[in-house]
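With TSV, C-alpha atoms and all ligand atoms inside, this is input_11.tsv:
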```tsv
chain	number	residue	atom	x	y	z
A	554	MET	CA	9.69	292.34	39.43
A	555	ILE	CA	6.86	289.87	38.85
A	556	VAL	CA	3.34	291.05	38.14
A	557	SER	CA	0.55	288.50	38.54
A	558	GLU	CA	-3.21	288.36	38.44
A	559	MET	CA	-5.12	287.84	41.67
A	560	ASN	CA	-8.08	285.49	41.74
A	561	THR	CA	-11.55	286.65	42.73
A	562	GLN	CA	-11.21	285.40	46.30
A	563	GLU	CA	-7.96	287.35	46.80
A	564	CYS	CA	-9.58	290.46	45.32
A	565	ARG	CA	-12.55	290.12	47.67
A	566	MET	CA	-10.22	289.75	50.65
A	567	HIS	CA	-8.48	293.03	49.78
A	568	LEU	CA	-11.81	294.80	49.32
A	569	ALA	CA	-12.98	293.48	52.68
A	570	THR	CA	-9.94	294.87	54.51
A	571	SER	CA	-9.85	298.23	52.70
A	572	ARG	CA	-11.75	301.29	53.88
A	573	VAL	CA	-10.93	303.96	51.26
A	574	GLY	CA	-11.01	303.64	47.47
A	575	HIS	CA	-11.19	305.72	44.32
A	576	LEU	CA	-14.66	305.84	42.83
A	577	ALA	CA	-14.76	306.39	39.07
A	578	CYS	CA	-17.86	307.49	37.22
A	579	VAL	CA	-18.75	309.47	34.09
A	580	THR	CA	-20.37	312.89	33.92
A	581	ASN	CA	-21.01	314.91	30.76
A	582	GLY	CA	-18.83	312.48	28.84
A	583	MET	CA	-15.88	313.08	31.17
A	584	PRO	CA	-14.34	310.70	33.72
A	585	TYR	CA	-14.69	311.80	37.35
A	586	VAL	CA	-12.73	310.15	40.20
A	587	VAL	CA	-12.98	310.87	43.94
A	588	PRO	CA	-11.77	309.09	47.06
A	589	ILE	CA	-14.56	307.62	49.18
A	590	SER	CA	-14.88	305.55	52.34
A	591	PHE	CA	-16.65	302.25	51.97
A	592	VAL	CA	-17.33	298.81	53.40
A	593	TYR	CA	-17.43	295.66	51.31
A	594	GLU	CA	-19.79	292.78	52.03
A	595	ASN	CA	-21.18	289.95	49.88
A	596	SER	CA	-20.49	291.44	46.46
A	597	HIS	CA	-21.65	294.90	47.53
A	598	ILE	CA	-19.70	298.08	48.25
A	599	TYR	CA	-21.58	300.30	50.71
A	600	SER	CA	-21.00	304.03	51.14
A	601	PHE	CA	-22.52	307.37	52.08
A	602	SER	CA	-22.57	310.69	50.24
A	603	LEU	CA	-23.94	314.20	50.14
A	604	ILE	CA	-25.83	314.99	46.96
A	605	GLY	CA	-23.23	316.38	44.58
A	606	ARG	CA	-21.42	315.77	41.34
A	607	LYS	CA	-20.68	312.08	41.83
A	608	VAL	CA	-24.28	311.27	42.81
A	609	TRP	CA	-25.63	313.18	39.79
A	610	ALA	CA	-23.08	311.37	37.62
A	611	MET	CA	-23.97	307.91	38.95
A	612	ARG	CA	-27.69	308.59	38.60
A	613	GLY	CA	-27.09	309.35	34.93
A	614	HIS	CA	-24.60	306.53	34.31
A	615	PRO	CA	-24.96	303.80	36.97
A	616	GLN	CA	-22.05	301.70	35.63
A	617	VAL	CA	-19.09	302.67	37.85
A	618	CYS	CA	-15.92	301.20	39.29
A	619	LEU	CA	-13.98	301.45	42.52
A	620	GLU	CA	-10.20	301.05	42.73
A	621	VAL	CA	-8.31	300.18	45.90
A	622	ASP	CA	-4.61	299.62	46.28
A	623	GLU	CA	-1.68	299.33	48.63
A	624	ILE	CA	1.68	300.50	47.36
A	625	HIS	CA	4.73	299.56	49.40
A	626	SER	CA	7.17	300.46	46.62
A	627	PRO	CA	7.15	300.60	42.79
A	628	ARG	CA	8.07	296.88	42.88
A	629	SER	CA	5.72	295.81	45.65
A	630	TRP	CA	2.03	296.59	45.42
A	631	TRP	CA	-1.44	295.27	44.83
A	632	SER	CA	-4.40	296.89	43.16
A	633	VAL	CA	-8.03	295.79	42.78
A	634	ILE	CA	-10.78	297.21	40.55
A	635	ALA	CA	-14.42	296.35	41.26
A	636	PHE	CA	-16.82	297.10	38.39
A	637	GLY	CA	-20.52	297.31	39.05
A	638	ARG	CA	-23.80	299.15	39.15
A	639	TYR	CA	-24.76	302.07	41.40
A	640	GLU	CA	-27.90	301.67	43.50
A	641	GLU	CA	-29.38	304.21	45.93
A	642	LEU	CA	-30.65	302.94	49.26
A	643	SER	CA	-33.55	305.17	50.21
A	644	GLU	CA	-34.92	305.65	53.72
A	645	THR	CA	-38.29	304.31	52.69
A	646	GLY	CA	-39.41	301.67	50.24
A	647	PRO	CA	-37.98	298.31	49.24
A	648	ARG	CA	-34.35	299.23	49.96
A	649	GLN	CA	-34.93	300.53	53.53
A	650	ASN	CA	-33.42	297.41	55.15
A	651	GLU	CA	-30.32	297.65	52.99
A	652	ARG	CA	-30.00	301.32	53.89
A	653	ASP	CA	-30.08	300.46	57.61
A	654	HIS	CA	-27.61	297.66	56.95
A	655	ALA	CA	-25.25	300.08	55.18
A	656	TRP	CA	-25.40	302.43	58.18
A	657	SER	CA	-24.65	299.55	60.54
A	658	LEU	CA	-21.70	298.23	58.48
A	659	LEU	CA	-20.13	301.69	58.16
A	660	GLN	CA	-20.65	302.35	61.87
A	661	GLN	CA	-18.96	299.07	62.84
A	662	ALA	CA	-16.03	299.75	60.52
A	663	ARG	CA	-15.26	303.26	61.78
A	664	PRO	CA	-17.28	305.41	64.20
A	665	ASP	CA	-16.39	308.60	62.29
A	666	TRP	CA	-17.23	307.06	58.87
A	667	TRP	CA	-19.62	309.89	58.01
A	668	GLU	CA	-17.13	312.74	58.49
A	669	PRO	CA	-15.11	312.77	55.21
A	670	GLY	CA	-18.28	312.49	53.15
A	671	SER	CA	-20.25	315.18	54.95
A	672	GLU	CA	-17.91	318.17	54.78
A	673	THR	CA	-17.72	320.49	51.79
A	674	PRO	CA	-15.98	323.82	51.20
A	675	TYR	CA	-19.48	325.31	51.40
A	676	SER	CA	-20.51	323.73	54.75
A	677	GLU	CA	-21.28	326.99	56.51
A	678	ASP	CA	-24.32	325.84	58.42
A	679	LYS	CA	-23.03	322.96	60.56
A	680	VAL	CA	-26.41	322.50	62.27
A	681	ALA	CA	-28.62	321.67	59.30
A	682	ILE	CA	-28.17	318.19	57.81
A	683	PRO	CA	-27.63	318.64	54.05
A	684	PRO	CA	-29.25	316.22	51.59
A	685	HIS	CA	-27.39	312.93	51.78
A	686	LEU	CA	-27.88	309.29	50.93
A	687	PHE	CA	-26.53	305.79	51.33
A	688	PHE	CA	-25.69	303.83	48.22
A	689	ARG	CA	-24.13	300.59	47.17
A	690	ILE	CA	-22.32	299.27	44.16
A	691	ASN	CA	-23.49	295.82	43.13
A	692	ILE	CA	-20.27	294.24	41.93
A	693	GLU	CA	-20.41	292.48	38.58
A	694	LYS	CA	-16.71	291.91	37.94
A	695	ILE	CA	-13.46	292.21	39.92
A	696	THR	CA	-9.90	292.21	38.65
A	697	GLY	CA	-6.70	292.40	40.67
A	698	ARG	CA	-2.97	292.50	40.11
A	699	ARG	CA	-0.02	292.35	42.41
A	700	ALA	CA	3.68	292.97	41.99
A	701	PHE	CA	6.58	291.71	44.01
A	702	ALA	CA	10.33	291.75	43.54
A	801	LIG	C1	-10.12	309.63	52.83
A	801	LIG	C2	-11.37	310.23	52.24
A	801	LIG	C3	-12.59	309.63	52.44
A	801	LIG	C4	-13.75	310.18	51.90
A	801	LIG	N1	-14.94	309.52	52.10
A	801	LIG	C5	-16.06	309.99	51.49
A	801	LIG	C6	-17.28	309.26	51.58
A	801	LIG	O1	-17.39	308.21	52.18
A	801	LIG	N2	-18.36	309.79	50.95
A	801	LIG	C7	-18.28	310.95	50.23
A	801	LIG	O2	-19.30	311.37	49.66
A	801	LIG	N3	-17.14	311.65	50.14
A	801	LIG	C8	-16.03	311.20	50.75
A	801	LIG	N4	-14.86	311.90	50.64
A	801	LIG	C9	-14.89	313.20	49.94
A	801	LIG	C10	-14.93	313.00	48.43
A	801	LIG	O3	-13.65	312.69	47.93
A	801	LIG	C11	-15.47	314.23	47.69
A	801	LIG	O4	-14.62	315.34	47.92
A	801	LIG	C12	-16.85	314.63	48.15
A	801	LIG	O5	-17.67	313.50	48.28
A	801	LIG	C13	-17.50	315.59	47.17
A	801	LIG	O6	-17.73	314.92	45.97
A	801	LIG	P1	-18.89	315.40	44.96
A	801	LIG	O7	-18.75	314.64	43.72
A	801	LIG	O8	-20.20	315.41	45.65
A	801	LIG	O9	-18.37	316.85	44.65
A	801	LIG	P2	-19.07	318.28	44.77
A	801	LIG	O10	-19.21	318.67	46.21
A	801	LIG	O11	-20.28	318.30	43.91
A	801	LIG	O12	-17.86	319.12	44.20
A	801	LIG	C14	-17.87	320.00	43.11
A	801	LIG	C15	-16.51	319.99	42.47
A	801	LIG	O13	-15.45	320.00	43.43
A	801	LIG	C16	-14.35	319.20	42.99
A	801	LIG	N5	-14.07	318.15	43.99
A	801	LIG	C17	-14.97	317.51	44.79
A	801	LIG	N6	-14.33	316.61	45.57
A	801	LIG	C18	-13.02	316.67	45.26
A	801	LIG	C19	-11.87	316.00	45.72
A	801	LIG	N7	-11.93	315.03	46.68
A	801	LIG	N8	-10.68	316.31	45.17
A	801	LIG	C20	-10.59	317.27	44.22
A	801	LIG	N9	-11.64	317.95	43.74
A	801	LIG	C21	-12.85	317.66	44.25
A	801	LIG	C22	-14.76	318.56	41.67
A	801	LIG	O14	-14.16	319.26	40.61
A	801	LIG	C23	-16.26	318.72	41.65
A	801	LIG	O15	-16.79	318.88	40.37
A	801	LIG	C24	-13.69	311.38	51.14
A	801	LIG	C25	-12.46	311.98	50.92
A	801	LIG	C26	-11.32	311.42	51.45
A	801	LIG	C27	-9.98	312.08	51.20
```

How would this structure read if it were set down as structure tokens?
Ligand SMILES: Cc1cc2nc3c(=O)[nH]c(=O)nc-3n(C[C@H](O)[C@H](O)[C@H](O)COP(=O)(O)OP(=O)(O)OC[C@H]3O[C@@H](n4cnc5c(N)ncnc54)[C@H](O)[C@@H]3O)c2cc1C
Amino acid sequence: MIVSEMNTQECRMHLATSRVGHLACVTNGMPYVVPISFVYENSHIYSFSLIGRKVWAMRGHPQVCLEVDEIHSPRSWWSVIAFGRYEELSETGPRQNERDHAWSLLQQARPDWWEPGSETPYSEDKVAIPPHLFFRINIEKITGRRAFA
């Protein structure tokens, strides 16, 4: 098996074609990792979330990373890690356009993009819209590796 580094352009291509990744952040000095849906565009990862542990964590420690991979076998896989800074896109203010853009990108990628991020074990009242937000990760560094037999 040969393991090699991917260049930045190859990493970006994999981010652009991926829709689910593992978001890693830090809360109370502990790592916290959850799967999220996202869309990549121009050095930004866009996503949507209810207000919960990961949002509180990223507000406290905005440096985060997102891992995506595709594993065909233990000898055939690729994996990309994008490191960057969390930024909330509020409905009003200077980031309103980016928030609308995030909605539009997610909508184009998958019409049911909102569903995995809007259900919780405590979602009893399906009518009320719980507190939610759009956010992006401004990518500062990407690394990638691939393996093939
Ligand atoms: C394919 C897929 C796509 C998803 N897309 C999104 C998305 O785009 N946006 C989004 O916000 N969420 C998405 N989710 C759900 C996400 O993984 C989290 O479960 C959810 O966002 C709640 O995270 P939270 O930090 O707000 O946890 P909270 O609701 O605050 O949860 C409290 C506690 O529950 C536990 N917990 C929460 N989530 C998980 C989990 N997934 N696995 C195990 N334990 C958990 C943790 O211990 C946490 O401390 C997706 C999940 C999957 C599988």

- Query: Within 12 Å of Glu651 of chain A, counting all atoms listed in the file, which residues qualify if same-chain residues fewer than 6 places away don't, as a list of chain:residue names?
  - Reply: A:Glu594, A:His597, A:Ile598, A:Tyr599, A:Ser600, A:Glu640, A:Glu641, A:Leu642, A:Ser643, A:Glu644, A:Thr645, A:Ser657, A:Leu658, A:Phe687, A:Phe688, A:Arg689

message: At a cut-off of 8 Å and counting only C-alpha atoms and all ligand atoms, what residues surround ligand LIG 801 (chain A)? Please answer as a ChimeraX atom specification.
response: /A:573-574,585,587-591,600-608,666-674

One residue among A:Arg572, A:His614, A:Arg628, A:His567 is nearest to Ala702 of chain A when using only C-alpha atoms, and that residue is A:Arg628

Check: Neighbours of Thr570 of chain A within 12 Å (all atoms listed in the file; same-chain residues fewer than 5 positions away dropped), as number ranges by chain?
Finding: A: 563-565, 590-594, 621-623, 633, 662

Coordinates-based distance that separates atom CA of Asn595 of chain A from atom CA of Arg663 of chain A (Å, one decimal):
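Straight-line distance from atom CA of Arg663 of chain A to atom CA of Asn595 of chain A works out to 18.8 Å.
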
One decimal place gives the atom CA of Ile695 of chain A-atom CA of Thr561 of chain A separation as 6.5 Å

Report the distance between atom CA of Met611 of chain A and atom CA of Val579 of chain A in Å, rounded to one decimal place.
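Atom-to-atom, atom CA of Met611 of chain A and atom CA of Val579 of chain A are spaced 7.3 Å apart.
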
Q.
List as a list in words the protein and nucleic acid residues near Met559 of chain A, meaning an atom at most 8 Å away when only C-alpha atoms are counted, but skip any in the same chain fewer than 6 places from it.
A.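 Listed by chain and then number, they are Thr696, Gly697, Arg698 and Arg699 of chain A.
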
Need to verify the contact set: Gly613 of chain A, 8 Å, only C-alpha atoms, exclusion of same-chain residues closer than 3 positions in sequence. Can you return it as a list of chain:residue names?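 Non-adjacent residues within range: A:Thr580, A:Trp609, A:Ala610.
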
Problem set entry | Selected residue of minimal separation from Trp656 of chain A among A:Leu686, A:Ala635, A:Ala569, A:Val556, counting all atoms listed in the file |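 Under the stated criterion, the closest residue is A:Leu686.
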
Excluding Phe701 of chain A and any residue of its chain fewer than 3 positions from it, enumerate the residues within 10 Å of it, using only C-alpha atoms, and give them as JSON, numbers by chain. {"A": [554, 555, 556, 557, 625, 626, 627, 628, 629, 630, 631]}

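Checking A:Gln616, A:Gln661, A:Gln649, A:Ser596 one by one against Asn691 of chain A, counting all atoms listed in the file, you find the shortest gap at A:Ser596.
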
- Message: Let me make sure I understand: among A:Asn650, A:Leu568, A:Ala655, A:Glu558, which one has the smallest atom-to-atom distance to Ala700 of chain A if we use all atoms listed in the file?
- Response: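 The answer is A:Glu558, which sits nearest to Ala700 of chain A.
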
Counting all atoms listed in the file, closest pick from A:Leu619, A:Met583, A:Cys578, A:Met566 relative to Glu693 of chain A is A:Leu619
